[in-house]
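Colleague: After the C-alpha cells below, expect a handful of questions from me.
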Amino acid sequence: MTWKLRMATLNDAAGIAEIYEPIVRSTPISFEIEVPGEQEIRRRIERTMTTYPWLVCEYRDRIAGYAYASRHAERAAYQWSVDTSIYVHSDFRRRRVGQALYISLFRILAAQGYYNAYAGITLPNPASVRLHESVGFRPIGVYQEVGYKMGAWHDVGYWELALQSKTPVPRPLLTLAEIQRDPVWQEMLGAGLSCFDPPRER
C-alpha cells in the first residue's frame, strides 16, 4: 500500500519535527517562537495521546503529514469540543494529505463522543482556508492583530465544524483505548484513504 494512515508513535517524533521546524522558524503559521526539538515532540505526542488522537499519513515510509486534536478550553462544560492542528510536509502539499488526515481524525473524534472541532488559522493563508473549508469547517470570526511574530502583528481566523448532530444530553466521552477496541476501529482510522487517487491497493 502506497499511502497509510495510522496513529502516531514516539518513534515518529523526528519525522514530525522535520515537518514542523520550518513552519516555526520561517513563517507566522505557528505562533511558537522557539523550534521544539525531537524530544519535545515526543513529549507532546505522549501527552496528547492520553486522551486525543494524533494521526500520521505515510507515503512509502515517509511521514507526509500529521494531525491531532487537543483540549478546547479548561472549563468542564467545554469537554465535548476540541481544537485541531494539521501540518503537511512541503513535498506532499496539494496531494489531499490534509483531507485524508482530517477525515480519519473526525471519524475517531465523533466515535469518542466529541461534537465540535475548532481551528485557528494565521491570516492570510489561503491554502489552509481551502483545506479546512473543503472538509466542512465554516468561518466564525477573526482576532485582529492578536499575535506578534517575525516583525509584524498577525490576525488569526477561527473556523468551526460540527462533528456530529447534537443530542439533548451528551454521553460520556470514550478514551482512545476504549475506541481502539471498537470492531470498526480500523475502518475509522483508514477512512481518509478514500481521498487518494488512484485508490489504495487491496
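Residue numbering restarts at 1 in every chain; chains get A, B, ... in the order shown in the C-alpha cells, and ligands count up from 1 in that same order.
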List the neighbours of segment 115-118 of chain A out to 6 Å using only C-alpha atoms; skip same-chain residues closer than 2 positions along the sequence, and give me the result as JSON, numbers by chain.

Modeller: {"A": [80, 81, 82, 83, 159, 160, 161, 162, 163, 164]}

Colleague: Counting only C-alpha atoms, what is within 12 Å of segment 169-186 of chain A, bar same-chain residues fewer than 6 positions away, as a PyMOL selection string?

Modeller: chain A and resi 4-7+48-54+69+77-81+104-105+107-116+192-193

Colleague: For segment 89-98 of chain A, please output as a PyMOL selection string all residues within 8 Å (counting only C-alpha atoms; exclusion window: fewer than 4 positions along the same chain).

Modeller: chain A and resi 19+57+63-65+102+131+195-196

Colleague: Those same residues - N, CA and C atoms - I'd like them written as a PDB file, in the first residue's frame.

Modeller:
ATOM      1  N   ILE A  19       8.817  18.241   9.695  1.00  0.00           N
ATOM      2  CA  ILE A  19       7.725  18.993   9.069  1.00  0.00           C
ATOM      3  C   ILE A  19       7.506  20.324   9.780  1.00  0.00           C
ATOM      4  N   CYS A  57       0.148  10.501   8.333  1.00  0.00           N
ATOM      5  CA  CYS A  57      -0.046   9.947   6.993  1.00  0.00           C
ATOM      6  C   CYS A  57       1.325   9.610   6.437  1.00  0.00           C
ATOM      7  N   ILE A  63       6.820  10.293   6.436  1.00  0.00           N
ATOM      8  CA  ILE A  63       5.690  10.986   7.033  1.00  0.00           C
ATOM      9  C   ILE A  63       5.344  12.182   6.157  1.00  0.00           C
ATOM     10  N   ALA A  64       4.169  12.109   5.542  1.00  0.00           N
ATOM     11  CA  ALA A  64       3.727  13.162   4.627  1.00  0.00           C
ATOM     12  C   ALA A  64       2.979  14.268   5.356  1.00  0.00           C
ATOM     13  N   GLY A  65       2.427  13.973   6.517  1.00  0.00           N
ATOM     14  CA  GLY A  65       1.696  14.967   7.278  1.00  0.00           C
ATOM     15  C   GLY A  65       1.196  14.368   8.571  1.00  0.00           C
ATOM     16  N   TYR A 102      -7.739  14.634   8.055  1.00  0.00           N
ATOM     17  CA  TYR A 102      -8.886  15.186   8.757  1.00  0.00           C
ATOM     18  C   TYR A 102     -10.084  14.240   8.735  1.00  0.00           C
ATOM     19  N   LEU A 131      -8.261  24.134   2.610  1.00  0.00           N
ATOM     20  CA  LEU A 131      -8.276  22.797   3.205  1.00  0.00           C
ATOM     21  C   LEU A 131      -9.394  22.673   4.228  1.00  0.00           C
ATOM     22  N   CYS A 195      -9.528   9.423  -0.065  1.00  0.00           N
ATOM     23  CA  CYS A 195      -9.165  10.674  -0.729  1.00  0.00           C
ATOM     24  C   CYS A 195      -8.157  10.483  -1.858  1.00  0.00           C
ATOM     25  N   PHE A 196      -7.382   9.432  -1.776  1.00  0.00           N
ATOM     26  CA  PHE A 196      -6.250   9.324  -2.687  1.00  0.00           C
ATOM     27  C   PHE A 196      -6.649   8.707  -4.023  1.00  0.00           C
TER      28      PHE A 196
END

Colleague: Go through A:Tyr20, A:Tyr87, A:Trp3, A:Tyr59 one by one, measure the shortest atom-to-atom distance of each to Ser128 of chain A using only C-alpha atoms, and give the residue with the smallest value.

Modeller: A:Tyr87

Colleague: Would you give me, as a ChimeraX atom specification, the residues in segment 20-142 of chain A that DSSP reads as strand (DSSP E)?

Modeller: /A:54-59,62-71,81-88,116-123,138-142

Colleague: What does the distance between atom CA of Arg130 of chain A and atom CA of Ser194 of chain A come to in Å, to one decimal place?

Modeller: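 Calculated distance between atom CA of Arg130 of chain A and atom CA of Ser194 of chain A is 18.8 Å.
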
Colleague: How far is it from atom CA of Phe31 of chain A to atom CA of Arg47 of chain A, in Å with one decimal?

Modeller: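 It comes out at 20.0 Å.
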
Colleague: Residues of segment 46-200 of chain A classed as helix (DSSP H, G or I) by DSSP on the backbone are to be reported as a PDB file with N, CA, C and O atoms, in the first residue's frame.

Modeller:
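Here's the written file selection_18.pdb:
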ATOM      1  N   GLU A  46       3.138  11.975  23.464  1.00  0.00           N
ATOM      2  CA  GLU A  46       2.785  11.155  24.626  1.00  0.00           C
ATOM      3  C   GLU A  46       1.686  11.824  25.442  1.00  0.00           C
ATOM      4  O   GLU A  46       0.726  11.169  25.875  1.00  0.00           O
ATOM      5  N   ARG A  47       1.793  13.127  25.653  1.00  0.00           N
ATOM      6  CA  ARG A  47       0.813  13.855  26.445  1.00  0.00           C
ATOM      7  C   ARG A  47      -0.541  13.904  25.730  1.00  0.00           C
ATOM      8  O   ARG A  47      -1.589  13.696  26.340  1.00  0.00           O
ATOM      9  N   THR A  48      -0.529  14.183  24.427  1.00  0.00           N
ATOM     10  CA  THR A  48      -1.773  14.290  23.660  1.00  0.00           C
ATOM     11  C   THR A  48      -2.526  12.971  23.636  1.00  0.00           C
ATOM     12  O   THR A  48      -3.744  12.924  23.836  1.00  0.00           O
ATOM     13  N   ALA A  76     -15.204  22.555  32.491  1.00  0.00           N
ATOM     14  CA  ALA A  76     -15.773  21.226  32.252  1.00  0.00           C
ATOM     15  C   ALA A  76     -16.816  21.205  31.145  1.00  0.00           C
ATOM     16  O   ALA A  76     -16.932  20.228  30.402  1.00  0.00           O
ATOM     17  N   ALA A  77     -17.596  22.261  31.014  1.00  0.00           N
ATOM     18  CA  ALA A  77     -18.659  22.274  30.001  1.00  0.00           C
ATOM     19  C   ALA A  77     -18.118  22.268  28.577  1.00  0.00           C
ATOM     20  O   ALA A  77     -18.862  21.983  27.632  1.00  0.00           O
ATOM     21  N   TYR A  78     -16.825  22.578  28.396  1.00  0.00           N
ATOM     22  CA  TYR A  78     -16.213  22.546  27.076  1.00  0.00           C
ATOM     23  C   TYR A  78     -15.729  21.154  26.670  1.00  0.00           C
ATOM     24  O   TYR A  78     -15.189  20.987  25.571  1.00  0.00           O
ATOM     25  N   SER A  90       6.166  19.842   3.004  1.00  0.00           N
ATOM     26  CA  SER A  90       6.183  20.652   1.771  1.00  0.00           C
ATOM     27  C   SER A  90       6.263  19.796   0.512  1.00  0.00           C
ATOM     28  O   SER A  90       5.798  20.212  -0.553  1.00  0.00           O
ATOM     29  N   ASP A  91       6.806  18.582   0.617  1.00  0.00           N
ATOM     30  CA  ASP A  91       6.904  17.695  -0.554  1.00  0.00           C
ATOM     31  C   ASP A  91       5.562  17.066  -0.924  1.00  0.00           C
ATOM     32  O   ASP A  91       5.447  16.471  -2.006  1.00  0.00           O
ATOM     33  N   PHE A  92       4.576  17.175  -0.040  1.00  0.00           N
ATOM     34  CA  PHE A  92       3.326  16.438  -0.250  1.00  0.00           C
ATOM     35  C   PHE A  92       2.093  17.329  -0.289  1.00  0.00           C
ATOM     36  O   PHE A  92       0.964  16.830  -0.239  1.00  0.00           O
ATOM     37  N   VAL A  97      -3.400  15.072   1.246  1.00  0.00           N
ATOM     38  CA  VAL A  97      -2.949  14.525   2.527  1.00  0.00           C
ATOM     39  C   VAL A  97      -3.742  15.140   3.675  1.00  0.00           C
ATOM     40  O   VAL A  97      -4.181  14.438   4.593  1.00  0.00           O
ATOM     41  N   GLY A  98      -3.929  16.470   3.638  1.00  0.00           N
ATOM     42  CA  GLY A  98      -4.677  17.129   4.699  1.00  0.00           C
ATOM     43  C   GLY A  98      -6.102  16.635   4.800  1.00  0.00           C
ATOM     44  O   GLY A  98      -6.602  16.357   5.901  1.00  0.00           O
ATOM     45  N   GLN A  99      -6.777  16.494   3.666  1.00  0.00           N
ATOM     46  CA  GLN A  99      -8.161  15.992   3.689  1.00  0.00           C
ATOM     47  C   GLN A  99      -8.216  14.585   4.268  1.00  0.00           C
ATOM     48  O   GLN A  99      -9.107  14.259   5.059  1.00  0.00           O
ATOM     49  N   ALA A 100      -7.265  13.734   3.853  1.00  0.00           N
ATOM     50  CA  ALA A 100      -7.255  12.348   4.335  1.00  0.00           C
ATOM     51  C   ALA A 100      -7.084  12.289   5.846  1.00  0.00           C
ATOM     52  O   ALA A 100      -7.806  11.569   6.544  1.00  0.00           O
ATOM     53  N   LEU A 101      -6.135  13.052   6.363  1.00  0.00           N
ATOM     54  CA  LEU A 101      -5.905  13.065   7.801  1.00  0.00           C
ATOM     55  C   LEU A 101      -7.135  13.554   8.554  1.00  0.00           C
ATOM     56  O   LEU A 101      -7.542  12.963   9.561  1.00  0.00           O
ATOM     57  N   TYR A 102      -7.739  14.634   8.055  1.00  0.00           N
ATOM     58  CA  TYR A 102      -8.886  15.186   8.757  1.00  0.00           C
ATOM     59  C   TYR A 102     -10.084  14.240   8.735  1.00  0.00           C
ATOM     60  O   TYR A 102     -10.800  14.099   9.733  1.00  0.00           O
ATOM     61  N   ILE A 103     -10.333  13.589   7.630  1.00  0.00           N
ATOM     62  CA  ILE A 103     -11.481  12.674   7.556  1.00  0.00           C
ATOM     63  C   ILE A 103     -11.356  11.578   8.604  1.00  0.00           C
ATOM     64  O   ILE A 103     -12.306  11.263   9.334  1.00  0.00           O
ATOM     65  N   SER A 104     -10.172  10.988   8.711  1.00  0.00           N
ATOM     66  CA  SER A 104      -9.981   9.941   9.722  1.00  0.00           C
ATOM     67  C   SER A 104     -10.036  10.515  11.136  1.00  0.00           C
ATOM     68  O   SER A 104     -10.645   9.915  12.031  1.00  0.00           O
ATOM     69  N   LEU A 105      -9.411  11.663  11.338  1.00  0.00           N
ATOM     70  CA  LEU A 105      -9.436  12.281  12.667  1.00  0.00           C
ATOM     71  C   LEU A 105     -10.869  12.561  13.113  1.00  0.00           C
ATOM     72  O   LEU A 105     -11.248  12.270  14.258  1.00  0.00           O
ATOM     73  N   PHE A 106     -11.694  13.085  12.214  1.00  0.00           N
ATOM     74  CA  PHE A 106     -13.076  13.419  12.572  1.00  0.00           C
ATOM     75  C   PHE A 106     -13.893  12.175  12.891  1.00  0.00           C
ATOM     76  O   PHE A 106     -14.736  12.194  13.798  1.00  0.00           O
ATOM     77  N   ARG A 107     -13.674  11.097  12.151  1.00  0.00           N
ATOM     78  CA  ARG A 107     -14.393   9.849  12.428  1.00  0.00           C
ATOM     79  C   ARG A 107     -14.087   9.357  13.839  1.00  0.00           C
ATOM     80  O   ARG A 107     -14.977   8.921  14.576  1.00  0.00           O
ATOM     81  N   ILE A 108     -12.819   9.423  14.198  1.00  0.00           N
ATOM     82  CA  ILE A 108     -12.413   8.943  15.519  1.00  0.00           C
ATOM     83  C   ILE A 108     -12.972   9.843  16.611  1.00  0.00           C
ATOM     84  O   ILE A 108     -13.511   9.370  17.612  1.00  0.00           O
ATOM     85  N   LEU A 109     -12.855  11.146  16.431  1.00  0.00           N
ATOM     86  CA  LEU A 109     -13.352  12.081  17.441  1.00  0.00           C
ATOM     87  C   LEU A 109     -14.853  11.939  17.651  1.00  0.00           C
ATOM     88  O   LEU A 109     -15.335  11.953  18.797  1.00  0.00           O
ATOM     89  N   ALA A 110     -15.603  11.795  16.575  1.00  0.00           N
ATOM     90  CA  ALA A 110     -17.054  11.612  16.701  1.00  0.00           C
ATOM     91  C   ALA A 110     -17.368  10.325  17.452  1.00  0.00           C
ATOM     92  O   ALA A 110     -18.269  10.286  18.310  1.00  0.00           O
ATOM     93  N   ALA A 111     -16.638   9.271  17.150  1.00  0.00           N
ATOM     94  CA  ALA A 111     -16.865   8.000  17.834  1.00  0.00           C
ATOM     95  C   ALA A 111     -16.530   8.099  19.319  1.00  0.00           C
ATOM     96  O   ALA A 111     -17.167   7.434  20.155  1.00  0.00           O
ATOM     97  N   GLN A 112     -15.565   8.917  19.669  1.00  0.00           N
ATOM     98  CA  GLN A 112     -15.244   9.127  21.085  1.00  0.00           C
ATOM     99  C   GLN A 112     -16.341   9.908  21.809  1.00  0.00           C
ATOM    100  O   GLN A 112     -16.431   9.845  23.030  1.00  0.00           O
ATOM    101  N   PRO A 126      -4.402  31.262   2.351  1.00  0.00           N
ATOM    102  CA  PRO A 126      -5.492  30.722   1.527  1.00  0.00           C
ATOM    103  C   PRO A 126      -5.461  29.205   1.386  1.00  0.00           C
ATOM    104  O   PRO A 126      -6.516  28.576   1.287  1.00  0.00           O
ATOM    105  N   ALA A 127      -4.268  28.599   1.393  1.00  0.00           N
ATOM    106  CA  ALA A 127      -4.204  27.143   1.254  1.00  0.00           C
ATOM    107  C   ALA A 127      -4.839  26.458   2.462  1.00  0.00           C
ATOM    108  O   ALA A 127      -5.600  25.488   2.317  1.00  0.00           O
ATOM    109  N   SER A 128      -4.548  26.962   3.663  1.00  0.00           N
ATOM    110  CA  SER A 128      -5.136  26.359   4.856  1.00  0.00           C
ATOM    111  C   SER A 128      -6.636  26.615   4.912  1.00  0.00           C
ATOM    112  O   SER A 128      -7.413  25.735   5.306  1.00  0.00           O
ATOM    113  N   VAL A 129      -7.067  27.798   4.521  1.00  0.00           N
ATOM    114  CA  VAL A 129      -8.501  28.087   4.489  1.00  0.00           C
ATOM    115  C   VAL A 129      -9.207  27.123   3.537  1.00  0.00           C
ATOM    116  O   VAL A 129     -10.255  26.551   3.865  1.00  0.00           O
ATOM    117  N   ARG A 130      -8.634  26.918   2.342  1.00  0.00           N
ATOM    118  CA  ARG A 130      -9.243  25.983   1.379  1.00  0.00           C
ATOM    119  C   ARG A 130      -9.340  24.582   1.965  1.00  0.00           C
ATOM    120  O   ARG A 130     -10.355  23.896   1.813  1.00  0.00           O
ATOM    121  N   LEU A 131      -8.261  24.134   2.610  1.00  0.00           N
ATOM    122  CA  LEU A 131      -8.276  22.797   3.205  1.00  0.00           C
ATOM    123  C   LEU A 131      -9.394  22.673   4.228  1.00  0.00           C
ATOM    124  O   LEU A 131     -10.201  21.736   4.174  1.00  0.00           O
ATOM    125  N   HIS A 132      -9.447  23.607   5.167  1.00  0.00           N
ATOM    126  CA  HIS A 132     -10.433  23.489   6.231  1.00  0.00           C
ATOM    127  C   HIS A 132     -11.863  23.593   5.696  1.00  0.00           C
ATOM    128  O   HIS A 132     -12.738  22.815   6.115  1.00  0.00           O
ATOM    129  N   GLU A 133     -12.097  24.485   4.769  1.00  0.00           N
ATOM    130  CA  GLU A 133     -13.458  24.600   4.238  1.00  0.00           C
ATOM    131  C   GLU A 133     -13.818  23.420   3.356  1.00  0.00           C
ATOM    132  O   GLU A 133     -14.996  23.055   3.255  1.00  0.00           O
ATOM    133  N   SER A 134     -12.827  22.769   2.750  1.00  0.00           N
ATOM    134  CA  SER A 134     -13.112  21.601   1.910  1.00  0.00           C
ATOM    135  C   SER A 134     -13.604  20.410   2.719  1.00  0.00           C
ATOM    136  O   SER A 134     -14.269  19.523   2.181  1.00  0.00           O
ATOM    137  N   LEU A 176      -9.217   6.944  24.139  1.00  0.00           N
ATOM    138  CA  LEU A 176      -8.612   6.349  22.948  1.00  0.00           C
ATOM    139  C   LEU A 176      -8.498   4.837  23.084  1.00  0.00           C
ATOM    140  O   LEU A 176      -8.716   4.096  22.120  1.00  0.00           O
ATOM    141  N   ALA A 177      -8.141   4.370  24.274  1.00  0.00           N
ATOM    142  CA  ALA A 177      -8.025   2.923  24.477  1.00  0.00           C
ATOM    143  C   ALA A 177      -9.365   2.239  24.232  1.00  0.00           C
ATOM    144  O   ALA A 177      -9.424   1.166  23.606  1.00  0.00           O
ATOM    145  N   GLU A 178     -10.443   2.845  24.706  1.00  0.00           N
ATOM    146  CA  GLU A 178     -11.768   2.254  24.513  1.00  0.00           C
ATOM    147  C   GLU A 178     -12.155   2.246  23.046  1.00  0.00           C
ATOM    148  O   GLU A 178     -12.679   1.244  22.531  1.00  0.00           O
ATOM    149  N   ILE A 179     -11.912   3.346  22.342  1.00  0.00           N
ATOM    150  CA  ILE A 179     -12.337   3.418  20.946  1.00  0.00           C
ATOM    151  C   ILE A 179     -11.521   2.480  20.067  1.00  0.00           C
ATOM    152  O   ILE A 179     -12.019   1.963  19.053  1.00  0.00           O
ATOM    153  N   TRP A 185     -12.709   0.023  14.419  1.00  0.00           N
ATOM    154  CA  TRP A 185     -11.584   0.935  14.621  1.00  0.00           C
ATOM    155  C   TRP A 185     -10.749   1.092  13.348  1.00  0.00           C
ATOM    156  O   TRP A 185     -10.439   2.210  12.931  1.00  0.00           O
ATOM    157  N   GLN A 186     -10.366   0.003  12.711  1.00  0.00           N
ATOM    158  CA  GLN A 186      -9.518   0.100  11.529  1.00  0.00           C
ATOM    159  C   GLN A 186     -10.226   0.826  10.392  1.00  0.00           C
ATOM    160  O   GLN A 186      -9.595   1.555   9.620  1.00  0.00           O
ATOM    161  N   GLU A 187     -11.535   0.658  10.307  1.00  0.00           N
ATOM    162  CA  GLU A 187     -12.301   1.390   9.293  1.00  0.00           C
ATOM    163  C   GLU A 187     -12.270   2.887   9.572  1.00  0.00           C
ATOM    164  O   GLU A 187     -12.102   3.707   8.661  1.00  0.00           O
ATOM    165  N   MET A 188     -12.421   3.271  10.834  1.00  0.00           N
ATOM    166  CA  MET A 188     -12.342   4.690  11.199  1.00  0.00           C
ATOM    167  C   MET A 188     -10.964   5.249  10.865  1.00  0.00           C
ATOM    168  O   MET A 188     -10.839   6.322  10.268  1.00  0.00           O
ATOM    169  N   LEU A 189      -9.937   4.538  11.255  1.00  0.00           N
ATOM    170  CA  LEU A 189      -8.573   5.001  11.057  1.00  0.00           C
ATOM    171  C   LEU A 189      -8.248   5.168   9.578  1.00  0.00           C
ATOM    172  O   LEU A 189      -7.562   6.103   9.171  1.00  0.00           O
ATOM    173  N   ALA A 191     -10.421   5.744   7.132  1.00  0.00           N
ATOM    174  CA  ALA A 191     -11.491   6.401   6.380  1.00  0.00           C
ATOM    175  C   ALA A 191     -10.950   7.409   5.366  1.00  0.00           C
ATOM    176  O   ALA A 191     -11.474   7.540   4.258  1.00  0.00           O
ATOM    177  N   GLY A 192      -9.901   8.119   5.706  1.00  0.00           N
ATOM    178  CA  GLY A 192      -9.373   9.143   4.821  1.00  0.00           C
ATOM    179  C   GLY A 192      -8.654   8.619   3.597  1.00  0.00           C
ATOM    180  O   GLY A 192      -8.384   9.389   2.665  1.00  0.00           O
ATOM    181  N   LEU A 193      -8.345   7.340   3.570  1.00  0.00           N
ATOM    182  CA  LEU A 193      -7.646   6.785   2.409  1.00  0.00           C
ATOM    183  C   LEU A 193      -8.475   6.886   1.136  1.00  0.00           C
ATOM    184  O   LEU A 193      -7.931   6.822   0.035  1.00  0.00           O
ATOM    185  N   SER A 194      -9.781   7.077   1.287  1.00  0.00           N
ATOM    186  CA  SER A 194     -10.636   7.251   0.109  1.00  0.00           C
ATOM    187  C   SER A 194     -10.297   8.515  -0.671  1.00  0.00           C
ATOM    188  O   SER A 194     -10.725   8.673  -1.819  1.00  0.00           O
ATOM    189  N   CYS A 195      -9.528   9.423  -0.065  1.00  0.00           N
ATOM    190  CA  CYS A 195      -9.165  10.674  -0.729  1.00  0.00           C
ATOM    191  C   CYS A 195      -8.157  10.483  -1.858  1.00  0.00           C
ATOM    192  O   CYS A 195      -8.077  11.316  -2.763  1.00  0.00           O
TER     193      CYS A 195
END
